[in-house]
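**Q** My questions all concern the structure below.
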Amino acid sequence: MMAFVTLLARNRLAAFGGILLLTLVLLALVTPLLPLLEPNATNPANRLQPPLSEGHWLGTDQLGRDILSRLLWGLRVSLAVGIAASLVAAFVGSLIGLVAGYFGGRTDNTLMRGIDMLMAFPYILLALAIVAVLGPGLLNALYAIAIVNIPFFARNIRGATVSIAHREFVDAARLSGKGDLRILVTEILPNVLPVIVITLSTTVGWMILETAGLSFLGLGAQPPQADLGSMLGEGRRMIINAPHVATLPGLAIFLLVMSINLLGDGVRDALDPRLKSGALSRPAPMTRIRRRRHTAVDDDLNAPGQDPALLEVDDLHTDFEVGRDTYRAVNGVSFTLKPNECLGLVGESGSGKSVTALSLLGLVASPPGLISGGQVHFQGRDLLDMGIRELRKVRGNRVAYVFQDPLSTLHPLIRVGDQLVEALRTHQPLSRQAAHQRAVELLGQVRIPNPTRRAAQYPHELSGGMRQRVGIAMALANDPQLIIADEPTTALDVTVQAQILDLLKRLREEQGTAVLFITHDFGVVSQICDRVAVMYAGRIVEMGPTQDLLANPRHPYTRRLIDCVPRLGEPDNEPAAIPGLPPAANALPPGCAFADRCDLVEPRCREGDIALIASDANRQVRCIKPLADHTVIGAAHV
Amino acid sequence: MSDALLEITDLTRTFGGGRSLLGAARPGVQAVQGVNLQVLRGETLGIVGESGCGKSTLARMLVGLDTPSSGLIRFGGEDLQAMRRLDRHALSRRIQYVFQDPLSSLNPRMRIRDILAAPLKHLRGLSGRALDTRIAELLEVVNLRPEFVTRYPHEFSGGQAQRIGIARALAAEPEVLVLDEPVSALDVSVQAQVLKLLRRLKAEFDLTYLFISHDLSVVETISQRIAVMYFGRVVEEAPTRQLFSEPAHPYTRLLLGSAPVPGGPPIIAESTAAELPDPLDPPPGCAFAPRCHKAREACREAPPVLESLSTHAHRAACLYPERGPWQASASTTATPGAP
């Protein structure tokens with residue numbers, strides 16, 4: 001709630017609307033207490049006085065009534081009718097929407113077809129017809145406006161309800177013994193409430209305007225009662241010789257509706273989860289870079305004088321700045337990747353492996369992402385020093401990504417062939433035809449049967465495994481030197497995963513591409529990676545050749561993580577859990593981040609940064625007392 | 001076999017179908033086709049299969065979230081549908097469900113107290129102090145701190161949220177827990193914690209588990225018996241050790257051979273794309289035949305039935321079941337002739 005208020009207050013227009021509306025509502029509330037003239041008292045002798053005349057600040061109308069008094073009393077009526085109509089429409093409409101959306105099927109059909117019929121009539125015509133049947137009058141105008149606005153609520157709320165009625169927690173509530181009514185009221189309504197409030201806040205203004213419209217036509221408030229609409233209607237006739245009589249109520253309507261709409265938009269922006277997630281703040285084309293000097297510990301990497309590295313990441317730091325907190329997602333990561341090598345980046349969720357991968361080409365969304373330190377040398381040049389134009393030439397060209405979920409990375413409305421053509425023509429001067437031919441070749445290369453036909457299909461027509469093949473084909477389009485694959489097989493079934501791994505392995509042999517393979521699965525790592533880097537709390541804690549590292553992990557975290565994985569064919573080998581949770585990324589402890597969960601912890605583990613030290617040839621570990629071969633730890637917890 | 005707590009006979013669930021307005025028959029998708037299974041009291045039956053094999057539909061029918069198109073489920077001898085009709089709470093008191101995604105199965109706008117109180121109030125009729133005591137007990141049982149009751153679901157990690165889901169299922173004091181991929185959304189270290197908890201709870205409360213997963217190694221560590229599903233049917237059923245040492249159905253062998261083991265042998269990938277048959281137009285015979293290297297004419301004529309192999313407990317729906325131990329065949333096919 002507090003977050004909502006601060007969010008609203010930060011939106012200046014909404015705050016302005018809110019203050020204006022508050023003033024108007026307060027004025028309307030205290031009207032009976034103010035020393036005003038009787039709004040309906042006529043005084044023909046004093047008619048059509050201009051504003052600022054004696055005794056009448058805003059002048060008088062054609063019957064000599066005080067305009068200020070009538071304006072305030074009219075504001076009261078307009079506000080009351082508008083809000084009451086909105087509440088009635090919101091209540092009835094939401095009820096229909098909830099019931100239709102929750103029960104679905106025939107109930108939904110019947111209710112929504114009724115709503116469709118209401119919507120088939122032009123809106124003001126329907127209101128006029130309703131008033132014509134009920135007879136003119138303020139209350140009847142209220143009913144008319146409410147009925148006309150019911151469909152708006154019903155449709156919005158139904159949509160929101162449908163998306164919630166199939167969520168798992170509704171099934172869970174049903175299994176907890178809750179009946180339909182209880183589920184609607186206690187489970188669904190609280191989740192739909194923001195939508196109702198949003199709809200309400202954006203319609204109240206309209207409803208007031210419509211009430212004024214009906215009164216303007218003489219169908220709402222009846223003389224002598226004052227209402228902003230009817231005042232405008234009556235003043236219209238004197239627009240030439242006494243313009244203030246019509247202008248003042250018009251201005252009042254304008255201010256009232258504008259204030260409500262400004263506030264309503266603010267409420268929507270603050271409540272709508274899609275807007276809250278930052279959809280409105282378009283991320284920059286590359287991650288913000290503000291490199292600071294970090295007090296880095298000296299990490300031993302591969303000894304110099306070996307083959308030149310294709311990719312050299314040095315002390316990379318990526319932070320997320322949310323409010324006043326800084327989440328240190330990547331906290332000094334250094335590694336190298338040689339041509340044609342496959343390095344696995346392994347870690348649990350939140351270990352920073354994906355953020356590391358995205359940081360390399362400045363793909364972390366900014367805000368809130370910020371690269372706060374480090375260098376990424378690719379073929380000798382620092383990618384983080386490049387401008388966006390230069391970086392775009394590298395992205396998808398010399399360095400390509402394969403993502404976890406191809407359904408969300410492929411454009412759903414463009415044929416897969418055309419998406420490949422686009423990827424090709426962005427970086428190569430190819431004719432459309434030549435590019436298409438190359439696209440079909442690429443699909444064949446990733447072993448998609450019947451590539452010509454597949455190229456003409458849309459992503460949803462392909463199975464998950466096929467889509468991931470297309471994703472790989474797209475990465476291969478411009479013969480990259482490096483492919484960064486972020487959990488490319490996690491969303492796939494094992495038999496399909498086996499094929500994709502096989503494909504990646506062969507492509508690497510054929511094309512000589514280097515691969516940075518991000519995964520949480522040690523099984524997958526041992527299938528495809530030459531070397532592994534294990535990440536924990538934003539740092540690499542251990543690195544080395546795959547088989548060697550898996551057989552004899554040196555870092556206690558690696559040891560215990562491997563022990564967590566149930567091994568196929570060893571049912572007696574009960575996986576041992578690691579107690580506790582990783583530290584929060586906005587409150588990393590000094591020293592070893594794993595210290596709190598480690599059996600072998602000593603006081604000096606918590607004193608200051610621990611360097612990545614060479615433990616064997618080609619192996620590094622960030623631990624002050626690396627494990628020896630075949631150490632079994634954590635037995636006390638099994 | 002007399003001690004079967006759950007008996008599933010010829011269970012089928014068809015989605016869609018029926019007739020259109022003009023009277024033309026619409027094709028239906030058979031999510032579950034003629035499944036026969038028995039779950040014994042006190043055992044853990046693992047159900048393994050890949051996406052689209054019907055394992056979740058089966059689970060939802062067992063707890064009454066879905067109704068079978070045909071076939072029978074007996075719970076302790078009683079017809080489950082009749083039980084549901086008489087008293088919709090009766091079923092939920094005896095069989096409960098743990099969802100895959102721990103966070104989406106908890107209402108984001110309810111406190112943990114209210115989430116746990118629902119089954120206690122509606123299924124067990126608790127209120128007042130008894131309710132509060134029981135909620136505290138439940139949290140203790142799943143190793144969560146008592147002060148968590150006033151928090152909202154988004155304040156919890158995946159593992160903690162899954163513990164709350166388990167506590168909610170236990171609140172009804174059921175005899176059977178249907179666990180639908182309870183650990184697949186969790187990190188491995190947390191997964192191990194939850195599996196350990198599930199093992200302890202089973203012993204503590206004499207539970208019977210139906211453990212559904214796509215992850216063979218997880219199922220292996222927790223189940224006594226395993227049923228493998230493919231395209232809506234059970235294709236193989238055996239005690240865990242037997243299934244892993246001598247898998248009979250070619251699909252089971254394919255699954256085992258595809259699962260990567262840390263430091264294990266290279267996995268074997270099929271040479272042609274692994275596609276499921278079109279569910280709107282299923283093949284007349286064995287659904288696995290198009291992917292099977294042993295498939296012959298007879299396989300494509302009628303779906304093979306589940307038949308006992310060497311022992312009564314080991315059954316496979318295959319006309320030409322594989323024989324012999326698995327590990328040996330893995331190493332021979334993996335080395336030279338890998339596709």
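Simple scheme: letters A, B, ... for chains in structure tokens order, numbers from 1 for residues in each chain, numbers from 1 for ligands in the order shown.
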What are the nearest atom pairs, with distances in Å to one decimal, for all residues of chain A that come at most 7 Å from chain B, using only C-alpha atoms, set out by chain and rising residue number as a tab-separated table?
**A**
residue	atom	partner	partner_atom	distance
A:Arg167	CA	B:Ser104	CA	6.9
A:Glu168	CA	B:Ser105	CA	4.6
A:Phe169	CA	B:Ser105	CA	3.9
A:Ala172	CA	B:Ser105	CA	6.5
A:Leu175	CA	B:Ser92	CA	5.8
A:Ser176	CA	B:Pro119	CA	4.1
A:Gly177	CA	B:His122	CA	5.2
A:Lys178	CA	B:His122	CA	6.6
A:Glu187	CA	B:Asn107	CA	6.9
A:Pro190	CA	B:Arg109	CA	6.6
A:Asn191	CA	B:Arg109	CA	6.8
A:Glu348	CA	B:Asp187	CA	5.9
A:Ser349	CA	B:Asp187	CA	6.7
A:Asp493	CA	B:Glu50	CA	5.8
A:Val494	CA	B:Ser258	CA	5.8
A:Thr495	CA	B:Ser258	CA	5.3
A:Val496	CA	B:Ala274	CA	6.3
A:Ala498	CA	B:Ala269	CA	5.0
A:Gln499	CA	B:Ala269	CA	4.9
A:Asp502	CA	B:Ala269	CA	6.6
A:Phe522	CA	B:Pro262	CA	5.2
A:Gly523	CA	B:Pro262	CA	3.9
A:Val524	CA	B:Pro260	CA	5.7
A:Ser526	CA	B:Pro262	CA	5.5
A:Gln527	CA	B:Pro266	CA	6.1
A:Gln547	CA	B:Gly263	CA	6.2
A:Leu550	CA	B:Gly263	CA	6.4
A:Leu561	CA	B:Ser189	CA	6.3
A:Cys564	CA	B:Ser189	CA	5.5
A:Val565	CA	B:Val188	CA	6.2
A:Pro566	CA	B:Ser217	CA	5.6
A:Arg567	CA	B:Ser217	CA	5.7
A:Leu568	CA	B:Ser217	CA	4.5
A:Gly569	CA	B:Phe244	CA	6.5
A:Pro571	CA	B:Thr221	CA	4.7
A:Glu574	CA	B:Thr221	CA	6.7
A:Pro575	CA	B:Ala192	CA	5.9
A:Ala576	CA	B:Ala192	CA	6.2
A:Ala577	CA	B:Ala192	CA	4.7
A:Ile578	CA	B:Ser189	CA	5.7
**Q** Quick one: pick out all strand (DSSP E or B) residues within range 168-231 of chain B from a backbone DSSP run and write them as a PyMOL selection string.
**A** chain B and resi 176-180+208-213+225-230
**Q** Would you work out the distance separating CA of Cys318 in chain B from CA of His249 in chain B, expressed in Å to one decimal?
**A** 6.2 Å
**Q** Per DSSP on the backbone, what are the alpha helix (DSSP H) residues of range 276-454 of chain A, as a PyMOL selection string?
**A** chain A and resi 353-359+388-394+406-409+416-427+432-445+451-454
**Q** In Å, how far is it from CA of Leu370 in chain A to CA of Leu482 in chain A?
**A**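 Straight-line distance from CA of Leu370 in chain A to CA of Leu482 in chain A works out to 23.5 Å.
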**Q** In Å, with one decimal, what is the gap from CA of Ala15 in chain A to CA of Ala270 in chain A?
**A** 12.0 Å
**Q** Env of Leu8 in chain A: 12 Å cut, atoms = only C-alpha atoms, seq-sep filter 2 positions within chain, self excluded. Answer as number ranges by chain.
**A** A: 1-6, 10-19, 262-272, 276
**Q** If we count only C-alpha atoms and set the cut-off at 8 Å, which residues sit around range 35-47 of chain B, ignoring sequence neighbours fewer than 3 positions away in its own chain? Please answer as an MDAnalysis selection string.
**A** chainID B and resid 1 3:12 32 55 206:213 219:220 222:229 232:234
**Q** Can you tell me which residues surround range 460-467 of chain A at a distance of at most 8 Å, considering only C-alpha atoms, apart from same-chain residues fewer than 3 positions away, and format the answer as a list in words?
**A**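 Skipping anything fewer than 3 positions along the chain leaves Pro406, Leu407, Pro412, Ile448, Gln457, Val470, Gly471, Leu492, Val496, Gln497 and Ile500 of chain A; Glu275 of chain B.
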**Q** Suppose we keep C-alpha atoms; can you now write the selection as a compact mmCIF listing (two decimals), in the first residue's frame?
**A**
# COMPACT_ATOMS: atom_id res chain seq x y z
CA PRO A 406 12.88 -20.67 -28.22
CA LEU A 407 9.13 -20.06 -28.11
CA PRO A 412 5.42 -15.74 -33.26
CA ILE A 448 15.55 -30.43 -39.44
CA GLN A 457 6.14 -22.54 -41.02
CA VAL A 470 15.82 -23.16 -35.35
CA GLY A 471 17.27 -21.13 -32.48
CA LEU A 492 13.30 -29.94 -23.41
CA VAL A 496 15.10 -34.32 -27.28
CA GLN A 497 17.86 -32.93 -25.08
CA ILE A 500 20.24 -31.19 -29.22
CA GLU B 275 8.45 -36.37 -32.60
**Q** Would you list the contacts of Arg155 in chain A as a list in words, taking every protein, DNA or RNA residue within 9 Å and counting only C-alpha atoms, but skipping same-chain residues closer than 4 positions in sequence?
**A**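 After dropping sequence-adjacent residues, the list is Gly93, Ser94, Ile96, Gly97, Met112, Ile115, Ile150, Pro151, Gly159 and Ala160 of chain A.
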